$ cat query25.cif   # mmCIF, N, CA, C and O atoms, pLDDT in the B column; chains and numbers go by the auth columns
data_model
loop_
_atom_site.group_PDB
_atom_site.id
_atom_site.type_symbol
_atom_site.label_atom_id
_atom_site.label_comp_id
_atom_site.label_asym_id
_atom_site.label_seq_id
_atom_site.Cartn_x
_atom_site.Cartn_y
_atom_site.Cartn_z
_atom_site.B_iso_or_equiv
_atom_site.auth_seq_id
_atom_site.auth_asym_id
ATOM 1 N N THR A 1 89.371 101.558 108.129 81.00 231 Q
ATOM 2 C CA THR A 1 89.880 100.777 107.026 81.00 231 Q
ATOM 3 C C THR A 1 89.363 99.343 107.101 81.00 231 Q
ATOM 4 O O THR A 1 88.983 98.769 106.095 81.00 231 Q
ATOM 5 N N TYR A 2 89.346 98.783 108.328 81.00 232 Q
ATOM 6 C CA TYR A 2 88.790 97.429 108.483 81.00 232 Q
ATOM 7 C C TYR A 2 87.333 97.383 108.049 81.00 232 Q
ATOM 8 O O TYR A 2 86.910 96.462 107.359 81.00 232 Q
ATOM 9 N N ALA A 3 86.560 98.381 108.455 86.00 233 Q
ATOM 10 C CA ALA A 3 85.141 98.409 108.101 86.00 233 Q
ATOM 11 C C ALA A 3 84.959 98.521 106.585 86.00 233 Q
ATOM 12 O O ALA A 3 84.094 97.860 106.006 86.00 233 Q
ATOM 13 N N GLU A 4 85.775 99.352 105.960 85.00 234 Q
ATOM 14 C CA GLU A 4 85.691 99.495 104.503 85.00 234 Q
ATOM 15 C C GLU A 4 86.043 98.185 103.808 85.00 234 Q
ATOM 16 O O GLU A 4 85.411 97.801 102.821 85.00 234 Q
ATOM 17 N N LEU A 5 87.075 97.487 104.303 84.00 235 Q
ATOM 18 C CA LEU A 5 87.443 96.201 103.719 84.00 235 Q
ATOM 19 C C LEU A 5 86.327 95.171 103.891 84.00 235 Q
ATOM 20 O O LEU A 5 86.072 94.371 102.988 84.00 235 Q
ATOM 21 N N ALA A 6 85.679 95.203 105.037 84.00 236 Q
ATOM 22 C CA ALA A 6 84.600 94.246 105.287 84.00 236 Q
ATOM 23 C C ALA A 6 83.416 94.480 104.356 84.00 236 Q
ATOM 24 O O ALA A 6 82.710 93.541 103.987 84.00 236 Q
ATOM 25 N N GLN A 7 83.191 95.719 103.967 86.00 237 Q
ATOM 26 C CA GLN A 7 82.050 96.042 103.117 86.00 237 Q
ATOM 27 C C GLN A 7 82.391 96.046 101.631 86.00 237 Q
ATOM 28 O O GLN A 7 81.489 96.094 100.795 86.00 237 Q
ATOM 29 N N ALA A 8 83.681 95.983 101.320 80.00 238 Q
ATOM 30 C CA ALA A 8 84.103 96.048 99.918 80.00 238 Q
ATOM 31 C C ALA A 8 83.864 94.710 99.232 80.00 238 Q
ATOM 32 O O ALA A 8 83.950 93.662 99.859 80.00 238 Q
ATOM 33 N N PRO A 9 83.586 94.752 97.947 77.00 239 Q
ATOM 34 C CA PRO A 9 83.472 93.494 97.206 77.00 239 Q
ATOM 35 C C PRO A 9 84.830 92.803 97.148 77.00 239 Q
ATOM 36 O O PRO A 9 85.854 93.393 97.463 77.00 239 Q
ATOM 37 N N GLY A 10 84.862 91.564 96.738 75.00 240 Q
ATOM 38 C CA GLY A 10 86.094 90.769 96.715 75.00 240 Q
ATOM 39 C C GLY A 10 87.222 91.390 95.917 75.00 240 Q
ATOM 40 O O GLY A 10 88.379 91.287 96.280 75.00 240 Q
ATOM 41 N N ALA A 11 86.919 92.040 94.825 76.00 241 Q
ATOM 42 C CA ALA A 11 87.950 92.640 93.986 76.00 241 Q
ATOM 43 C C ALA A 11 88.065 94.130 94.273 76.00 241 Q
ATOM 44 O O ALA A 11 87.144 94.752 94.799 76.00 241 Q
ATOM 45 N N GLY A 12 89.188 94.702 93.952 80.00 242 Q
ATOM 46 C CA GLY A 12 89.364 96.141 94.085 80.00 242 Q
ATOM 47 C C GLY A 12 89.688 96.600 95.491 80.00 242 Q
ATOM 48 O O GLY A 12 89.415 97.742 95.847 80.00 242 Q
ATOM 49 N N THR A 13 90.271 95.747 96.307 86.00 243 Q
ATOM 50 C CA THR A 13 90.588 96.122 97.685 86.00 243 Q
ATOM 51 C C THR A 13 92.072 96.406 97.892 86.00 243 Q
ATOM 52 O O THR A 13 92.513 96.598 99.007 86.00 243 Q
ATOM 53 N N THR A 14 92.834 96.477 96.811 88.00 244 Q
ATOM 54 C CA THR A 14 94.276 96.674 96.923 88.00 244 Q
ATOM 55 C C THR A 14 94.612 97.956 97.668 88.00 244 Q
ATOM 56 O O THR A 14 95.460 97.956 98.559 88.00 244 Q
ATOM 57 N N ALA A 15 93.965 99.053 97.331 89.00 245 Q
ATOM 58 C CA ALA A 15 94.255 100.335 97.987 89.00 245 Q
ATOM 59 C C ALA A 15 93.931 100.269 99.477 89.00 245 Q
ATOM 60 O O ALA A 15 94.686 100.790 100.301 89.00 245 Q
ATOM 61 N N LEU A 16 92.838 99.613 99.826 89.00 246 Q
ATOM 62 C CA LEU A 16 92.473 99.485 101.235 89.00 246 Q
ATOM 63 C C LEU A 16 93.477 98.619 101.994 89.00 246 Q
ATOM 64 O O LEU A 16 93.860 98.935 103.122 89.00 246 Q
ATOM 65 N N ARG A 17 93.907 97.539 101.371 89.00 247 Q
ATOM 66 C CA ARG A 17 94.894 96.666 102.018 89.00 247 Q
ATOM 67 C C ARG A 17 96.214 97.393 102.201 89.00 247 Q
ATOM 68 O O ARG A 17 96.856 97.279 103.239 89.00 247 Q
ATOM 69 N N ARG A 18 96.606 98.184 101.219 92.00 248 Q
ATOM 70 C CA ARG A 18 97.853 98.964 101.337 92.00 248 Q
ATOM 71 C C ARG A 18 97.736 100.003 102.451 92.00 248 Q
ATOM 72 O O ARG A 18 98.686 100.240 103.192 92.00 248 Q
ATOM 73 N N ARG A 19 96.565 100.622 102.552 92.00 249 Q
ATOM 74 C CA ARG A 19 96.361 101.612 103.617 92.00 249 Q
ATOM 75 C C ARG A 19 96.416 100.938 104.985 92.00 249 Q
ATOM 76 O O ARG A 19 97.001 101.459 105.922 92.00 249 Q
ATOM 77 N N LEU A 20 95.846 99.743 105.100 90.00 250 Q
ATOM 78 C CA LEU A 20 95.884 99.008 106.352 90.00 250 Q
ATOM 79 C C LEU A 20 97.323 98.660 106.740 90.00 250 Q
ATOM 80 O O LEU A 20 97.712 98.794 107.904 90.00 250 Q
ATOM 81 N N ILE A 21 98.125 98.247 105.781 91.00 251 Q
ATOM 82 C CA ILE A 21 99.534 97.948 106.046 91.00 251 Q
ATOM 83 C C ILE A 21 100.270 99.207 106.498 91.00 251 Q
ATOM 84 O O ILE A 21 101.067 99.171 107.443 91.00 251 Q
ATOM 85 N N ALA A 22 100.012 100.331 105.839 92.00 252 Q
ATOM 86 C CA ALA A 22 100.662 101.588 106.217 92.00 252 Q
ATOM 87 C C ALA A 22 100.261 102.009 107.629 92.00 252 Q
ATOM 88 O O ALA A 22 101.101 102.446 108.423 92.00 252 Q
ATOM 89 N N LEU A 23 98.982 101.879 107.952 90.00 253 Q
ATOM 90 C CA LEU A 23 98.519 102.234 109.290 90.00 253 Q
ATOM 91 C C LEU A 23 99.127 101.311 110.343 90.00 253 Q
ATOM 92 O O LEU A 23 99.518 101.773 111.426 90.00 253 Q
ATOM 93 N N SER A 24 99.231 100.046 110.043 88.00 254 Q
ATOM 94 C CA SER A 24 99.840 99.096 110.970 88.00 254 Q
ATOM 95 C C SER A 24 101.301 99.439 111.205 88.00 254 Q
ATOM 96 O O SER A 24 101.786 99.386 112.338 88.00 254 Q
ATOM 97 N N GLY A 25 102.004 99.804 110.144 87.00 255 Q
ATOM 98 C CA GLY A 25 103.403 100.206 110.282 87.00 255 Q
ATOM 99 C C GLY A 25 103.549 101.465 111.108 87.00 255 Q
ATOM 100 O O GLY A 25 104.445 101.573 111.948 87.00 255 Q
ATOM 101 N N ALA A 26 102.659 102.427 110.894 87.00 256 Q
ATOM 102 C CA ALA A 26 102.706 103.666 111.668 87.00 256 Q
ATOM 103 C C ALA A 26 102.441 103.395 113.146 87.00 256 Q
ATOM 104 O O ALA A 26 103.071 103.985 114.020 87.00 256 Q
ATOM 105 N N LEU A 27 101.534 102.496 113.412 83.00 257 Q
ATOM 106 C CA LEU A 27 101.223 102.145 114.795 83.00 257 Q
ATOM 107 C C LEU A 27 102.411 101.459 115.455 83.00 257 Q
ATOM 108 O O LEU A 27 102.781 101.790 116.589 83.00 257 Q
ATOM 109 N N CYS A 28 103.028 100.542 114.765 81.00 258 Q
ATOM 110 C CA CYS A 28 104.160 99.796 115.332 81.00 258 Q
ATOM 111 C C CYS A 28 105.372 100.679 115.594 81.00 258 Q
ATOM 112 O O CYS A 28 106.151 100.398 116.494 81.00 258 Q
ATOM 113 N N THR A 29 105.554 101.720 114.814 81.00 259 Q
ATOM 114 C CA THR A 29 106.721 102.586 114.974 81.00 259 Q
ATOM 115 C C THR A 29 106.417 103.861 115.753 81.00 259 Q
ATOM 116 O O THR A 29 107.287 104.704 115.921 81.00 259 Q
ATOM 117 N N HIS A 30 105.196 104.004 116.249 78.00 260 Q
ATOM 118 C CA HIS A 30 104.816 105.198 117.008 78.00 260 Q
ATOM 119 C C HIS A 30 105.597 105.253 118.321 78.00 260 Q
ATOM 120 O O HIS A 30 105.783 104.229 118.975 78.00 260 Q
ATOM 121 N N PRO A 31 106.053 106.436 118.741 76.00 261 Q
ATOM 122 C CA PRO A 31 106.833 106.558 119.978 76.00 261 Q
ATOM 123 C C PRO A 31 106.107 106.045 121.225 76.00 261 Q
ATOM 124 O O PRO A 31 106.752 105.607 122.174 76.00 261 Q
ATOM 125 N N SER A 32 104.805 106.071 121.239 70.00 262 Q
ATOM 126 C CA SER A 32 104.070 105.591 122.410 70.00 262 Q
ATOM 127 C C SER A 32 104.299 104.111 122.656 70.00 262 Q
ATOM 128 O O SER A 32 104.108 103.626 123.757 70.00 262 Q
ATOM 129 N N TRP A 33 104.711 103.381 121.631 68.00 263 Q
ATOM 130 C CA TRP A 33 104.916 101.942 121.747 68.00 263 Q
ATOM 131 C C TRP A 33 106.389 101.577 121.854 68.00 263 Q
ATOM 132 O O TRP A 33 106.723 100.400 121.940 68.00 263 Q
ATOM 133 N N ALA A 34 107.299 102.578 121.861 63.00 264 Q
ATOM 134 C CA ALA A 34 108.734 102.305 121.820 63.00 264 Q
ATOM 135 C C ALA A 34 109.253 101.667 123.111 63.00 264 Q
ATOM 136 O O ALA A 34 110.024 100.727 123.070 63.00 264 Q
ATOM 137 N N ALA A 35 108.853 102.189 124.255 62.00 265 Q
ATOM 138 C CA ALA A 35 109.341 101.673 125.538 62.00 265 Q
ATOM 139 C C ALA A 35 108.393 100.598 126.062 62.00 265 Q
ATOM 140 O O ALA A 35 107.184 100.673 125.836 62.00 265 Q
ATOM 141 N N PRO A 36 108.913 99.600 126.768 66.00 266 Q
ATOM 142 C CA PRO A 36 108.060 98.511 127.267 66.00 266 Q
ATOM 143 C C PRO A 36 106.885 98.990 128.123 66.00 266 Q
ATOM 144 O O PRO A 36 105.799 98.464 128.022 66.00 266 Q
ATOM 145 N N THR A 37 107.085 99.992 128.970 62.00 267 Q
ATOM 146 C CA THR A 37 105.983 100.461 129.810 62.00 267 Q
ATOM 147 C C THR A 37 105.129 101.514 129.108 62.00 267 Q
ATOM 148 O O THR A 37 104.024 101.785 129.530 62.00 267 Q
ATOM 149 N N ALA A 38 105.652 102.100 128.058 56.00 268 Q
ATOM 150 C CA ALA A 38 104.911 103.162 127.366 56.00 268 Q
ATOM 151 C C ALA A 38 103.697 102.623 126.641 56.00 268 Q
ATOM 152 O O ALA A 38 102.755 103.358 126.382 56.00 268 Q
ATOM 153 N N TRP A 39 103.689 101.335 126.308 57.00 269 Q
ATOM 154 C CA TRP A 39 102.553 100.795 125.554 57.00 269 Q
ATOM 155 C C TRP A 39 101.273 100.888 126.356 57.00 269 Q
ATOM 156 O O TRP A 39 100.198 101.030 125.800 57.00 269 Q
ATOM 157 N N ARG A 40 101.355 100.807 127.673 65.00 270 Q
ATOM 158 C CA ARG A 40 100.128 100.894 128.475 65.00 270 Q
ATOM 159 C C ARG A 40 99.484 102.268 128.328 65.00 270 Q
ATOM 160 O O ARG A 40 98.303 102.383 128.052 65.00 270 Q
ATOM 161 N N ALA A 41 100.281 103.316 128.507 66.00 271 Q
ATOM 162 C CA ALA A 41 99.754 104.674 128.365 66.00 271 Q
ATOM 163 C C ALA A 41 99.335 104.932 126.920 66.00 271 Q
ATOM 164 O O ALA A 41 98.309 105.550 126.672 66.00 271 Q
ATOM 165 N N GLY A 42 100.122 104.449 125.973 70.00 272 Q
ATOM 166 C CA GLY A 42 99.786 104.624 124.560 70.00 272 Q
ATOM 167 C C GLY A 42 98.485 103.939 124.210 70.00 272 Q
ATOM 168 O O GLY A 42 97.675 104.467 123.460 70.00 272 Q
ATOM 169 N N GLY A 43 98.264 102.757 124.768 74.00 273 Q
ATOM 170 C CA GLY A 43 97.024 102.027 124.514 74.00 273 Q
ATOM 171 C C GLY A 43 95.817 102.763 125.038 74.00 273 Q
ATOM 172 O O GLY A 43 94.776 102.836 124.388 74.00 273 Q
ATOM 173 N N VAL A 44 95.970 103.346 126.229 77.00 274 Q
ATOM 174 C CA VAL A 44 94.871 104.117 126.817 77.00 274 Q
ATOM 175 C C VAL A 44 94.544 105.312 125.933 77.00 274 Q
ATOM 176 O O VAL A 44 93.380 105.572 125.634 77.00 274 Q
ATOM 177 N N GLU A 45 95.566 106.023 125.496 79.00 275 Q
ATOM 178 C CA GLU A 45 95.335 107.192 124.643 79.00 275 Q
ATOM 179 C C GLU A 45 94.717 106.800 123.312 79.00 275 Q
ATOM 180 O O GLU A 45 93.838 107.485 122.807 79.00 275 Q
ATOM 181 N N LEU A 46 95.180 105.698 122.731 79.00 276 Q
ATOM 182 C CA LEU A 46 94.598 105.253 121.465 79.00 276 Q
ATOM 183 C C LEU A 46 93.134 104.870 121.633 79.00 276 Q
ATOM 184 O O LEU A 46 92.297 105.186 120.792 79.00 276 Q
ATOM 185 N N ARG A 47 92.805 104.188 122.724 82.00 277 Q
ATOM 186 C CA ARG A 47 91.405 103.825 122.958 82.00 277 Q
ATOM 187 C C ARG A 47 90.545 105.067 123.168 82.00 277 Q
ATOM 188 O O ARG A 47 89.428 105.148 122.657 82.00 277 Q
ATOM 189 N N ARG A 48 91.062 106.035 123.907 83.00 278 Q
ATOM 190 C CA ARG A 48 90.310 107.288 124.103 83.00 278 Q
ATOM 191 C C ARG A 48 90.069 107.983 122.771 83.00 278 Q
ATOM 192 O O ARG A 48 88.974 108.467 122.497 83.00 278 Q
ATOM 193 N N ALA A 49 91.111 108.059 121.965 82.00 279 Q
ATOM 194 C CA ALA A 49 90.970 108.714 120.654 82.00 279 Q
ATOM 195 C C ALA A 49 89.974 107.964 119.780 82.00 279 Q
ATOM 196 O O ALA A 49 89.158 108.574 119.089 82.00 279 Q
ATOM 197 N N ALA A 50 90.016 106.638 119.817 82.00 280 Q
ATOM 198 C CA ALA A 50 89.087 105.842 119.012 82.00 280 Q
ATOM 199 C C ALA A 50 87.661 106.034 119.484 82.00 280 Q
ATOM 200 O O ALA A 50 86.744 106.177 118.675 82.00 280 Q
ATOM 201 N N ARG A 51 87.457 106.054 120.788 82.00 281 Q
ATOM 202 C CA ARG A 51 86.098 106.274 121.315 82.00 281 Q
ATOM 203 C C ARG A 51 85.585 107.649 120.934 82.00 281 Q
ATOM 204 O O ARG A 51 84.429 107.796 120.551 82.00 281 Q
ATOM 205 N N THR A 52 86.439 108.655 121.047 81.00 282 Q
ATOM 206 C CA THR A 52 86.037 110.014 120.687 81.00 282 Q
ATOM 207 C C THR A 52 85.699 110.088 119.205 81.00 282 Q
ATOM 208 O O THR A 52 84.695 110.677 118.824 81.00 282 Q
ATOM 209 N N HIS A 53 86.520 109.426 118.394 70.00 283 Q
ATOM 210 C CA HIS A 53 86.299 109.453 116.947 70.00 283 Q
ATOM 211 C C HIS A 53 85.024 108.711 116.562 70.00 283 Q
ATOM 212 O O HIS A 53 84.237 109.193 115.764 70.00 283 Q
ATOM 213 N N THR A 54 84.778 107.550 117.155 64.00 284 Q
ATOM 214 C CA THR A 54 83.623 106.762 116.760 64.00 284 Q
ATOM 215 C C THR A 54 82.334 107.239 117.418 64.00 284 Q
ATOM 216 O O THR A 54 81.260 106.977 116.912 64.00 284 Q
ATOM 217 N N SER A 55 82.439 107.940 118.540 60.00 285 Q
ATOM 218 C CA SER A 55 81.219 108.396 119.212 60.00 285 Q
ATOM 219 C C SER A 55 80.771 109.765 118.722 60.00 285 Q
ATOM 220 O O SER A 55 79.665 110.183 119.014 60.00 285 Q
ATOM 221 N N ALA A 56 81.632 110.463 117.988 54.00 286 Q
ATOM 222 C CA ALA A 56 81.257 111.773 117.469 54.00 286 Q
ATOM 223 C C ALA A 56 80.259 111.589 116.332 54.00 286 Q
ATOM 224 O O ALA A 56 80.416 110.707 115.495 54.00 286 Q
ATOM 225 N N PRO A 57 79.207 112.419 116.286 57.00 287 Q
ATOM 226 C CA PRO A 57 78.231 112.282 115.198 57.00 287 Q
ATOM 227 C C PRO A 57 78.866 112.650 113.858 57.00 287 Q
ATOM 228 O O PRO A 57 79.711 113.534 113.778 57.00 287 Q
ATOM 229 N N ALA A 58 78.475 111.959 112.830 55.00 288 Q
ATOM 230 C CA ALA A 58 78.969 112.247 111.488 55.00 288 Q
ATOM 231 C C ALA A 58 78.312 113.524 110.986 55.00 288 Q
ATOM 232 O O ALA A 58 77.305 113.994 111.551 55.00 288 Q
ATOM 233 N N ASP A 59 78.878 114.086 109.931 56.00 289 Q
ATOM 234 C CA ASP A 59 78.298 115.301 109.355 56.00 289 Q
ATOM 235 C C ASP A 59 76.846 115.063 109.010 56.00 289 Q
ATOM 236 O O ASP A 59 76.503 114.077 108.366 56.00 289 Q
ATOM 237 N N GLY A 60 75.974 115.943 109.468 56.00 290 Q
ATOM 238 C CA GLY A 60 74.562 115.849 109.157 56.00 290 Q
ATOM 239 C C GLY A 60 73.776 114.983 110.117 56.00 290 Q
ATOM 240 O O GLY A 60 72.572 114.866 109.999 56.00 290 Q
ATOM 241 N N GLU A 61 74.449 114.328 111.070 53.00 291 Q
ATOM 242 C CA GLU A 61 73.749 113.502 112.041 53.00 291 Q
ATOM 243 C C GLU A 61 73.662 114.232 113.369 53.00 291 Q
ATOM 244 O O GLU A 61 74.564 114.956 113.775 53.00 291 Q
ATOM 245 N N ALA A 62 72.570 114.028 114.051 54.00 292 Q
ATOM 246 C CA ALA A 62 72.387 114.631 115.361 54.00 292 Q
ATOM 247 C C ALA A 62 73.015 113.738 116.408 54.00 292 Q
ATOM 248 O O ALA A 62 73.031 112.517 116.281 54.00 292 Q
ATOM 249 N N ALA A 63 73.527 114.346 117.474 49.00 293 Q
ATOM 250 C CA ALA A 63 74.099 113.566 118.572 49.00 293 Q
ATOM 251 C C ALA A 63 72.969 112.879 119.325 49.00 293 Q
ATOM 252 O O ALA A 63 71.886 113.407 119.488 49.00 293 Q
ATOM 253 N N ALA A 64 73.246 111.683 119.810 44.00 294 Q
ATOM 254 C CA ALA A 64 72.218 110.928 120.540 44.00 294 Q
ATOM 255 C C ALA A 64 72.112 111.387 121.969 44.00 294 Q
ATOM 256 O O ALA A 64 72.980 111.844 122.578 44.00 294 Q
#

$ encode --input "query25.cif" --output "C-alpha cells"
Amino acid sequence: TYAELAQAPGAGTTALRRRLIALSGALCTHPSWAAPTAWRAGGVELRRAARTHTSAPADGEAAA
C-alpha cells in the first residue's frame, strides 16, 4: 500500500489511504501485539512473512 501511494498521482489516493488506515488498525489490534513481550515474537514473524512475500517471484517472473 505504501508503494502504491508513493507511485500514485496526487489525486485519487483516498482508497489507498483508507486501506492503509485499515491495515494499521489490523496490525495494532493483532493478538501478536497484545502482550508486552509478545511484540518481539510477533515482529519476527511479521518480518519473516514480509521477506517471504517480497522475495517470492511475481507471476511470470523467474526466481533469481

$ axis_aligned_box --input "query25.cif" --around "stretch 248-253 of chain Q" --padding-each-side "3 Å" --output "AutoDock Vina command-line options"
--center_x 98.5 --center_y 100.2 --center_z 106.3 --size_x 11.3 --size_y 10.5 --size_z 16.2

$ atom_distance --input "query25.cif" --atom1 "atom CA of Q:Gly272" --atom2 "atom CA of Q:Ala245"
27.5 Å

$ atom_distance --input "query25.cif" --atom1 "atom CA of Q:Thr259" --atom2 "atom O of Q:Arg278"
20.2 Å

$ atom_distance --input "query25.cif" --atom1 "atom C of Q:Tyr232" --atom2 "atom CA of Q:Ala252"
14.1 Å
